[in-house]
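Below is input-v9.tsv, holding TSV, C-alpha atoms.
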```tsv
chain	number	residue	atom	x	y	z
A	104	MET	CA	-23.28	15.47	9.63
A	105	ARG	CA	-20.18	13.34	9.20
A	106	TYR	CA	-21.78	10.53	11.19
A	107	ILE	CA	-24.65	10.40	8.71
A	108	VAL	CA	-22.30	10.28	5.71
A	109	TYR	CA	-20.24	7.57	7.40
A	110	PHE	CA	-23.40	5.57	8.05
A	111	VAL	CA	-24.57	5.84	4.44
A	112	ILE	CA	-21.18	4.77	3.03
A	113	GLY	CA	-20.89	1.91	5.49
A	114	PHE	CA	-24.37	0.71	4.68
A	115	GLY	CA	-23.61	0.87	0.96
A	116	PHE	CA	-20.60	-1.37	1.52
A	117	TRP	CA	-22.74	-3.76	3.54
A	118	LEU	CA	-25.28	-3.98	0.70
A	119	LEU	CA	-22.51	-4.72	-1.80
A	120	LEU	CA	-20.99	-7.31	0.49
A	121	THR	CA	-24.19	-9.25	1.18
A	122	PHE	CA	-25.65	-8.50	-2.27
A	123	SER	CA	-29.20	-9.36	-1.30
A	124	ILE	CA	-32.18	-7.35	-0.09
A	125	ASN	CA	-33.65	-9.69	2.53
A	126	LEU	CA	-35.14	-8.08	5.59
A	127	ASP	CA	-32.79	-10.12	7.85
A	128	HIS	CA	-29.71	-8.83	6.07
A	129	LEU	CA	-30.94	-5.24	6.18
A	130	ILE	CA	-31.65	-5.35	9.93
A	131	ALA	CA	-28.29	-6.96	10.70
A	132	GLY	CA	-26.60	-4.38	8.48
A	133	VAL	CA	-28.24	-1.44	10.23
A	134	ILE	CA	-27.11	-2.76	13.64
A	135	VAL	CA	-23.53	-3.48	12.55
A	136	VAL	CA	-23.08	-0.19	10.70
A	137	ALA	CA	-24.58	1.74	13.64
A	138	ILE	CA	-22.05	0.19	16.05
A	139	SER	CA	-19.23	0.93	13.61
A	140	THR	CA	-20.43	4.53	13.22
A	141	ILE	CA	-20.51	5.11	16.98
A	142	LEU	CA	-17.01	3.67	17.40
A	143	PHE	CA	-15.20	5.11	14.39
A	144	GLY	CA	-17.32	8.00	13.07
A	145	GLY	CA	-15.24	10.45	15.07
A	146	TYR	CA	-12.17	9.69	12.96
A	147	PHE	CA	-13.98	10.47	9.73
A	148	THR	CA	-13.31	13.56	7.64
A	149	ASN	CA	-14.61	16.88	8.90
A	150	ARG	CA	-15.85	17.98	5.51
A	151	PRO	CA	-17.87	15.15	3.91
A	152	VAL	CA	-18.74	17.50	1.03
A	153	LYS	CA	-15.36	16.52	-0.43
A	154	PHE	CA	-16.95	13.27	-1.62
A	155	LEU	CA	-19.23	15.16	-3.99
A	156	GLN	CA	-16.65	17.41	-5.63
A	157	ILE	CA	-16.36	16.24	-9.22
A	158	HIS	CA	-12.72	17.22	-9.76
A	159	ARG	CA	-11.60	15.01	-6.86
A	160	LEU	CA	-13.44	12.00	-8.29
A	161	PHE	CA	-11.90	12.75	-11.68
A	162	TRP	CA	-8.37	12.73	-10.25
A	163	ILE	CA	-9.09	9.49	-8.38
A	164	ILE	CA	-10.06	7.87	-11.69
A	165	VAL	CA	-6.86	9.25	-13.26
A	166	TYR	CA	-4.80	8.04	-10.31
A	167	ILE	CA	-5.96	4.40	-10.24
A	168	PRO	CA	-4.44	3.27	-13.58
A	169	ILE	CA	-1.19	5.12	-12.81
A	170	PHE	CA	-1.02	3.40	-9.44
A	171	LEU	CA	-1.73	-0.02	-10.93
A	172	PHE	CA	0.98	0.55	-13.54
A	173	TYR	CA	3.56	1.41	-10.87
A	174	MET	CA	2.46	-1.62	-8.86
A	175	LEU	CA	2.91	-3.97	-11.80
A	176	ARG	CA	6.35	-2.44	-12.46
A	177	SER	CA	7.31	-2.93	-8.83
A	178	ASN	CA	6.32	-6.58	-8.98
A	179	ILE	CA	8.39	-7.16	-12.09
A	180	ASP	CA	11.27	-5.37	-10.34
A	181	VAL	CA	11.02	-7.58	-7.25
A	182	ALA	CA	10.64	-10.69	-9.43
A	183	TYR	CA	13.86	-9.75	-11.20
A	184	ARG	CA	15.72	-9.35	-7.92
A	185	VAL	CA	14.33	-12.61	-6.57
A	186	LEU	CA	15.21	-14.69	-9.61
A	187	HIS	CA	18.61	-13.14	-10.39
A	188	PRO	CA	21.38	-15.56	-9.30
A	189	GLN	CA	23.47	-12.81	-7.65
A	190	ARG	CA	20.49	-11.31	-5.78
A	191	PRO	CA	21.20	-7.65	-6.69
A	192	ILE	CA	20.15	-5.74	-3.58
A	193	LYS	CA	21.66	-2.72	-1.82
A	194	PRO	CA	19.16	-1.91	0.92
A	195	GLY	CA	19.00	1.03	3.28
A	196	ILE	CA	16.65	3.41	5.03
A	197	VAL	CA	16.50	6.96	3.66
A	198	LYS	CA	14.61	10.01	4.82
A	199	ILE	CA	12.39	12.01	2.47
A	200	LYS	CA	10.31	15.13	2.81
A	201	THR	CA	6.73	15.49	1.62
A	202	SER	CA	4.79	18.65	0.89
A	203	LEU	CA	1.39	17.08	1.60
A	204	LYS	CA	-0.40	18.56	4.60
A	205	THR	CA	-3.41	16.46	5.61
A	206	ASP	CA	-3.10	13.14	7.43
A	207	ILE	CA	-5.22	11.14	5.01
A	208	ALA	CA	-3.11	12.27	2.05
A	209	LYS	CA	0.05	11.24	3.91
A	210	VAL	CA	-1.43	7.82	4.64
A	211	PHE	CA	-2.24	7.29	0.98
A	212	LEU	CA	1.22	8.50	0.00
A	213	ALA	CA	2.78	6.01	2.42
A	214	ASN	CA	0.61	3.17	1.11
A	215	SER	CA	1.42	4.07	-2.49
A	216	ILE	CA	5.14	4.16	-1.71
A	217	THR	CA	4.93	0.77	-0.05
A	218	LEU	CA	3.39	-0.81	-3.12
A	219	THR	CA	5.74	0.73	-5.70
A	220	PRO	CA	9.21	-0.21	-6.94
A	221	GLY	CA	11.63	-1.19	-4.21
A	222	THR	CA	10.44	1.24	-1.56
A	223	MET	CA	8.56	0.76	1.67
A	224	THR	CA	7.49	3.23	4.35
A	225	CYS	CA	8.86	2.67	7.86
A	226	GLU	CA	7.50	5.70	9.64
A	227	ILE	CA	5.76	9.02	9.08
A	228	ASP	CA	7.03	11.79	11.32
A	229	GLY	CA	5.45	15.14	10.60
A	230	GLU	CA	6.55	16.07	7.10
A	231	TYR	CA	9.32	13.47	6.95
A	232	LEU	CA	8.96	9.87	5.85
A	233	TYR	CA	11.48	7.12	6.49
A	234	ILE	CA	11.69	4.79	3.50
A	235	HIS	CA	13.29	1.37	3.31
A	236	TRP	CA	14.78	1.20	-0.19
A	237	ILE	CA	15.90	-2.07	-1.70
A	238	TRP	CA	18.34	-0.40	-4.13
A	239	VAL	CA	19.55	2.89	-2.65
A	240	GLN	CA	20.29	5.30	-5.51
A	241	THR	CA	21.00	8.30	-3.31
A	242	SER	CA	20.80	9.06	0.39
A	243	VAL	CA	20.49	12.84	-0.12
A	244	MET	CA	17.04	13.84	1.09
A	245	ASP	CA	15.99	16.14	-1.77
A	246	LYS	CA	17.02	13.78	-4.54
A	247	ALA	CA	15.42	10.81	-2.81
A	248	SER	CA	12.19	12.77	-2.35
A	249	LYS	CA	12.16	13.59	-6.04
A	250	ILE	CA	12.61	9.96	-7.07
A	251	ILE	CA	10.27	8.33	-4.56
A	252	ALA	CA	7.44	10.71	-3.78
A	253	ASP	CA	7.08	12.99	-6.80
A	254	PRO	CA	5.09	10.64	-9.07
A	255	PHE	CA	2.26	10.45	-6.53
A	256	GLU	CA	2.30	13.77	-4.73
A	257	LYS	CA	0.83	15.82	-7.54
A	258	TYR	CA	-2.18	13.52	-7.87
A	259	LEU	CA	-2.74	13.04	-4.15
A	260	ARG	CA	-2.60	16.78	-3.60
A	261	ARG	CA	-5.41	17.25	-6.10
A	262	ILE	CA	-7.47	14.40	-4.65
A	263	PHE	CA	-7.25	15.17	-0.94
A	264	GLU	CA	-6.35	18.86	-0.51
B	102	MET	CA	-14.25	-13.74	-24.26
B	103	ILE	CA	-14.17	-12.56	-20.64
B	104	SER	CA	-13.53	-16.03	-19.23
B	105	PRO	CA	-10.03	-16.67	-20.73
B	106	ILE	CA	-8.91	-13.19	-19.62
B	107	GLY	CA	-10.09	-13.98	-16.10
B	108	TRP	CA	-8.13	-17.24	-16.07
B	109	ILE	CA	-5.01	-15.53	-17.41
B	110	ILE	CA	-5.19	-12.89	-14.68
B	111	ILE	CA	-5.68	-15.59	-12.02
B	112	TRP	CA	-2.60	-17.45	-13.25
B	113	ILE	CA	-0.51	-14.25	-13.35
B	114	GLY	CA	-1.62	-13.64	-9.76
B	115	ILE	CA	-0.57	-17.13	-8.71
B	116	ALA	CA	2.82	-16.66	-10.42
B	117	PHE	CA	3.44	-13.43	-8.48
B	118	ASP	CA	2.41	-15.14	-5.25
B	119	ILE	CA	4.99	-17.86	-5.88
B	120	LEU	CA	7.68	-15.25	-6.65
B	121	GLY	CA	6.89	-13.41	-3.43
B	122	THR	CA	7.27	-16.64	-1.49
B	123	ILE	CA	10.63	-17.37	-3.15
B	124	GLY	CA	11.71	-13.86	-2.18
B	125	LEU	CA	10.72	-14.58	1.40
B	126	VAL	CA	13.22	-17.43	1.42
B	127	ARG	CA	16.03	-15.86	-0.60
B	128	PHE	CA	16.35	-12.35	0.85
B	129	PRO	CA	18.70	-11.88	3.80
B	130	ASP	CA	16.88	-9.90	6.50
B	131	VAL	CA	13.38	-9.15	7.74
B	132	TYR	CA	13.09	-5.80	5.95
B	133	ASN	CA	13.94	-7.13	2.50
B	134	ARG	CA	11.70	-10.12	3.08
B	135	LEU	CA	8.83	-7.78	3.90
B	136	GLN	CA	9.50	-5.91	0.65
B	137	ALA	CA	9.22	-9.06	-1.43
B	138	SER	CA	6.29	-10.58	0.37
B	139	THR	CA	4.20	-7.39	0.61
B	140	LYS	CA	4.49	-6.29	-2.99
B	141	CYS	CA	4.19	-9.63	-4.76
B	142	VAL	CA	1.56	-11.10	-2.51
B	143	THR	CA	-0.62	-8.00	-2.62
B	144	LEU	CA	-0.67	-7.80	-6.39
B	145	GLY	CA	-0.88	-11.59	-6.72
B	146	THR	CA	-3.90	-11.93	-4.48
B	147	PHE	CA	-5.46	-8.79	-5.95
B	148	GLY	CA	-5.06	-10.39	-9.37
B	149	ILE	CA	-6.76	-13.57	-8.22
B	150	MET	CA	-9.66	-11.53	-6.85
B	151	ILE	CA	-10.01	-9.52	-10.09
B	152	GLY	CA	-9.88	-12.77	-12.05
B	153	ILE	CA	-12.72	-14.23	-9.98
B	154	PHE	CA	-14.70	-11.03	-10.54
B	155	LEU	CA	-14.21	-11.29	-14.30
B	156	LEU	CA	-15.24	-14.94	-14.30
B	157	LYS	CA	-18.32	-14.50	-12.13
B	158	GLY	CA	-19.46	-10.98	-13.09
B	159	PHE	CA	-21.96	-9.08	-10.94
B	160	THR	CA	-23.04	-12.06	-8.85
B	161	PRO	CA	-22.70	-12.20	-5.03
B	162	MET	CA	-19.41	-14.09	-5.36
B	163	GLY	CA	-17.91	-11.71	-7.93
B	164	VAL	CA	-18.80	-8.53	-6.05
B	165	LYS	CA	-17.45	-9.98	-2.80
B	166	ALA	CA	-14.18	-10.85	-4.53
B	167	LEU	CA	-13.89	-7.29	-5.87
B	168	ILE	CA	-14.48	-5.76	-2.43
B	169	CYS	CA	-11.96	-8.16	-0.87
B	170	GLY	CA	-9.42	-7.06	-3.47
B	171	VAL	CA	-9.92	-3.37	-2.68
B	172	PHE	CA	-9.68	-4.00	1.08
B	173	LEU	CA	-6.50	-5.96	0.48
B	174	LEU	CA	-4.96	-3.04	-1.43
B	175	LEU	CA	-5.78	-0.68	1.44
B	176	THR	CA	-4.85	-2.86	4.41
B	177	SER	CA	-1.84	-4.91	3.29
B	178	PRO	CA	0.60	-1.94	3.17
B	179	VAL	CA	-0.58	-0.87	6.62
B	180	ALA	CA	0.12	-4.33	8.03
B	181	ALA	CA	3.57	-4.38	6.43
B	182	HIS	CA	4.27	-0.91	7.82
B	183	ALA	CA	3.32	-2.05	11.33
B	184	LEU	CA	5.51	-5.15	11.08
B	185	MET	CA	8.44	-3.09	9.85
B	186	LYS	CA	8.18	-0.45	12.54
B	187	GLY	CA	7.75	-3.15	15.13
B	188	SER	CA	10.92	-4.95	14.10
B	189	LEU	CA	12.84	-1.65	13.97
B	190	HIS	CA	11.85	-0.81	17.52
B	191	PHE	CA	12.43	-4.37	18.68
B	192	GLY	CA	16.04	-3.94	17.55
B	193	THR	CA	16.25	-6.43	14.71
B	194	LYS	CA	19.55	-5.76	12.97
B	195	MET	CA	19.66	-5.05	9.24
B	196	TRP	CA	21.66	-7.15	6.79
B	197	LYS	CA	25.41	-6.39	6.68
B	198	GLY	CA	25.20	-5.15	3.07
B	199	THR	CA	22.90	-2.31	4.07
B	200	VAL	CA	24.36	1.03	2.99
B	201	VAL	CA	22.52	3.65	5.05
B	202	ASP	CA	20.11	3.79	7.99
B	203	GLU	CA	18.71	7.28	8.57
B	204	TYR	CA	16.02	5.97	10.89
B	205	GLY	CA	18.51	4.45	13.29
B	206	LYS	CA	20.57	7.64	13.28
B	207	ASP	CA	17.53	9.82	14.04
B	208	LYS	CA	15.38	7.74	16.36
B	209	LEU	CA	17.40	4.84	17.73
B	210	LYS	CA	20.94	4.63	19.05
B	211	GLY	CA	22.98	4.70	15.86
B	212	GLU	CA	22.65	2.59	12.74
B	213	GLN	CA	21.11	-0.83	13.31
B	214	ILE	CA	23.30	-2.67	10.82
B	215	GLU	CA	24.76	-6.12	11.40
B	216	LYS	CA	28.58	-6.14	11.66
B	217	GLU	CA	30.69	-8.12	9.22
B	218	ASP	CA	31.79	-11.49	10.58
B	219	LYS	CA	35.48	-11.54	11.43
```

If you convert what's in this file into structure tokens, what do you get?
Amino acid sequence: MRYIVYFVIGFGFWLLLTFSINLDHLIAGVIVVAISTILFGGYFTNRPVKFLQIHRLFWIIVYIPIFLFYMLRSNIDVAYRVLHPQRPIKPGIVKIKTSLKTDIAKVFLANSITLTPGTMTCEIDGEYLYIHWIWVQTSVMDKASKIIADPFEKYLRRIFE
Amino acid sequence: MISPIGWIIIWIGIAFDILGTIGLVRFPDVYNRLQASTKCVTLGTFGIMIGIFLLKGFTPMGVKALICGVFLLLTSPVAAHALMKGSLHFGTKMWKGTVVDEYGKDKLKGEQIEKEDK
């Protein structure tokens, strides 16, 4: 079942990427997507029905603007630190705890943290994440978790779990 | 109306790319440099892609630019993460102004922070 869903999604991406309906392109697409499905289909989600649940799609649409806003803020933050004559940085690696359970949610949390103000994921280890922080406000785990992970966790939990 | 917005977004993207590159030169160690380059260059290049999409609309070029932008958002943090973990395990020392290193305490032999020059 999940191989079929993977194939359909992959083929959809291929159609968008080539953006033409020639027979040549379709045949090449089927071959390429089939190879990709055989190699990577096993890593795909066990319950493809998740793609059709409306509330998940709704929370994805809510999440995207929030994510883009944080990303823009992070860029302005880095730009400020780059252009400031004294270079105001106080870096360090802190440890935070996440309450997310599934792997895919943790990956998206790590990616979101990397692209948001002053923080970057070094490693995921079970329920702990190691974060490189460009301006360490606190090295206490609970407080750091609240500052870094909280804005995303509530959305990601609704999207992926 | 769409065209000027597309050009503005492209120029904002280029500005962020330049800032990221300046950060790459100005920051002291590999971890801070990764911070600057990953964030600014991801949003900068994403902005350029969105700008191209707005200029070209739903043509083959525009749709390709949009897909490239989305792939960039998904893959660039992963690449930065791999580089960072690699340099941590390789033993690259952190800048001497670093205040805390939980990762070194937990996984490596003590904090990997450069000592002050005597």

Mind listing as a ChimeraX atom specification which residues of chain B are within 9 Å of chain A, counting all atoms listed in the file? /B:117,120-121,123-125,127-128,132-133,135-137,139-141,143-144,160-162,164-165,168,174-179,181-183,185-186,189,195-196,198-205

Measuring atom to atom with all atoms listed in the file, identify which of B:Ala180, B:Ile103, B:Leu155, B:Met150 is nearest to B:Leu167.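 Comparing B:Ala180, B:Ile103, B:Leu155, B:Met150 against B:Leu167, the winner is B:Met150.
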
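Separating atom CA of B:Trp112 from atom CA of B:Ile149 is a distance of 7.6 Å.
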
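Pairwise distance (atom CA of A:Phe263, atom CA of A:Ala208) equals 5.9 Å.
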
Work out how far atom CA of A:Phe110 is from atom CA of A:Leu155, in Å to one decimal. 15.9 Å

Residues at most 12 Å from B:Trp108, counting only C-alpha atoms, excluding those fewer than 5 positions away in the same chain, as a VMD selection string? chain B and resid 102 to 103 113 to 115 148 to 157

Convert the current residue selection to file output with C-alpha atoms, as a compact mmCIF listing (two decimals), keeping the file's coordinate frame.
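What landed in part_16.txt:
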```txt
# COMPACT_ATOMS: atom_id res chain seq x y z
CA MET B 102 -14.25 -13.74 -24.26
CA ILE B 103 -14.17 -12.56 -20.64
CA ILE B 113 -0.51 -14.25 -13.35
CA GLY B 114 -1.62 -13.64 -9.76
CA ILE B 115 -0.57 -17.13 -8.71
CA GLY B 148 -5.06 -10.39 -9.37
CA ILE B 149 -6.76 -13.57 -8.22
CA MET B 150 -9.66 -11.53 -6.85
CA ILE B 151 -10.01 -9.52 -10.09
CA GLY B 152 -9.88 -12.77 -12.05
CA ILE B 153 -12.72 -14.23 -9.98
CA PHE B 154 -14.70 -11.03 -10.54
CA LEU B 155 -14.21 -11.29 -14.30
CA LEU B 156 -15.24 -14.94 -14.30
CA LYS B 157 -18.32 -14.50 -12.13
```

Atoms are missing here; could stretch 153-167 of chain A be completed with N, CA and C atoms and written as a PDB file, in the frame of the given file?
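Everything below was put into result-v2.pdb:
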```pdb
ATOM      1  N   LYS A 153     -16.450  16.867   0.487  1.00  0.00           N
ATOM      2  CA  LYS A 153     -15.360  16.520  -0.430  1.00  0.00           C
ATOM      3  C   LYS A 153     -15.725  15.337  -1.330  1.00  0.00           C
ATOM      4  N   PHE A 154     -16.598  14.435  -0.822  1.00  0.00           N
ATOM      5  CA  PHE A 154     -16.950  13.270  -1.620  1.00  0.00           C
ATOM      6  C   PHE A 154     -17.713  13.638  -2.875  1.00  0.00           C
ATOM      7  N   LEU A 155     -18.366  14.803  -2.864  1.00  0.00           N
ATOM      8  CA  LEU A 155     -19.230  15.160  -3.990  1.00  0.00           C
ATOM      9  C   LEU A 155     -18.552  16.090  -4.978  1.00  0.00           C
ATOM     10  N   GLN A 156     -17.289  16.479  -4.712  1.00  0.00           N
ATOM     11  CA  GLN A 156     -16.650  17.410  -5.630  1.00  0.00           C
ATOM     12  C   GLN A 156     -16.111  16.637  -6.830  1.00  0.00           C
ATOM     13  N   ILE A 157     -16.609  17.036  -8.014  1.00  0.00           N
ATOM     14  CA  ILE A 157     -16.360  16.240  -9.220  1.00  0.00           C
ATOM     15  C   ILE A 157     -14.882  16.153  -9.531  1.00  0.00           C
ATOM     16  N   HIS A 158     -14.113  17.255  -9.331  1.00  0.00           N
ATOM     17  CA  HIS A 158     -12.720  17.220  -9.760  1.00  0.00           C
ATOM     18  C   HIS A 158     -11.925  16.210  -8.926  1.00  0.00           C
ATOM     19  N   ARG A 159     -12.302  16.018  -7.655  1.00  0.00           N
ATOM     20  CA  ARG A 159     -11.600  15.010  -6.860  1.00  0.00           C
ATOM     21  C   ARG A 159     -11.844  13.611  -7.407  1.00  0.00           C
ATOM     22  N   LEU A 160     -13.127  13.319  -7.734  1.00  0.00           N
ATOM     23  CA  LEU A 160     -13.440  12.000  -8.290  1.00  0.00           C
ATOM     24  C   LEU A 160     -12.695  11.785  -9.595  1.00  0.00           C
ATOM     25  N   PHE A 161     -12.624  12.854 -10.411  1.00  0.00           N
ATOM     26  CA  PHE A 161     -11.900  12.750 -11.680  1.00  0.00           C
ATOM     27  C   PHE A 161     -10.449  12.377 -11.457  1.00  0.00           C
ATOM     28  N   TRP A 162      -9.788  13.033 -10.474  1.00  0.00           N
ATOM     29  CA  TRP A 162      -8.370  12.730 -10.250  1.00  0.00           C
ATOM     30  C   TRP A 162      -8.178  11.350  -9.642  1.00  0.00           C
ATOM     31  N   ILE A 163      -9.189  10.871  -8.868  1.00  0.00           N
ATOM     32  CA  ILE A 163      -9.090   9.490  -8.380  1.00  0.00           C
ATOM     33  C   ILE A 163      -9.092   8.533  -9.570  1.00  0.00           C
ATOM     34  N   ILE A 164      -9.985   8.764 -10.528  1.00  0.00           N
ATOM     35  CA  ILE A 164     -10.060   7.870 -11.690  1.00  0.00           C
ATOM     36  C   ILE A 164      -8.781   7.952 -12.505  1.00  0.00           C
ATOM     37  N   VAL A 165      -8.149   9.156 -12.563  1.00  0.00           N
ATOM     38  CA  VAL A 165      -6.860   9.250 -13.260  1.00  0.00           C
ATOM     39  C   VAL A 165      -5.781   8.515 -12.480  1.00  0.00           C
ATOM     40  N   TYR A 166      -5.875   8.575 -11.149  1.00  0.00           N
ATOM     41  CA  TYR A 166      -4.800   8.040 -10.310  1.00  0.00           C
ATOM     42  C   TYR A 166      -4.747   6.520 -10.328  1.00  0.00           C
ATOM     43  N   ILE A 167      -5.924   5.868 -10.379  1.00  0.00           N
ATOM     44  CA  ILE A 167      -5.960   4.400 -10.240  1.00  0.00           C
ATOM     45  C   ILE A 167      -5.120   3.685 -11.291  1.00  0.00           C
TER      46      ILE A 167
END
```
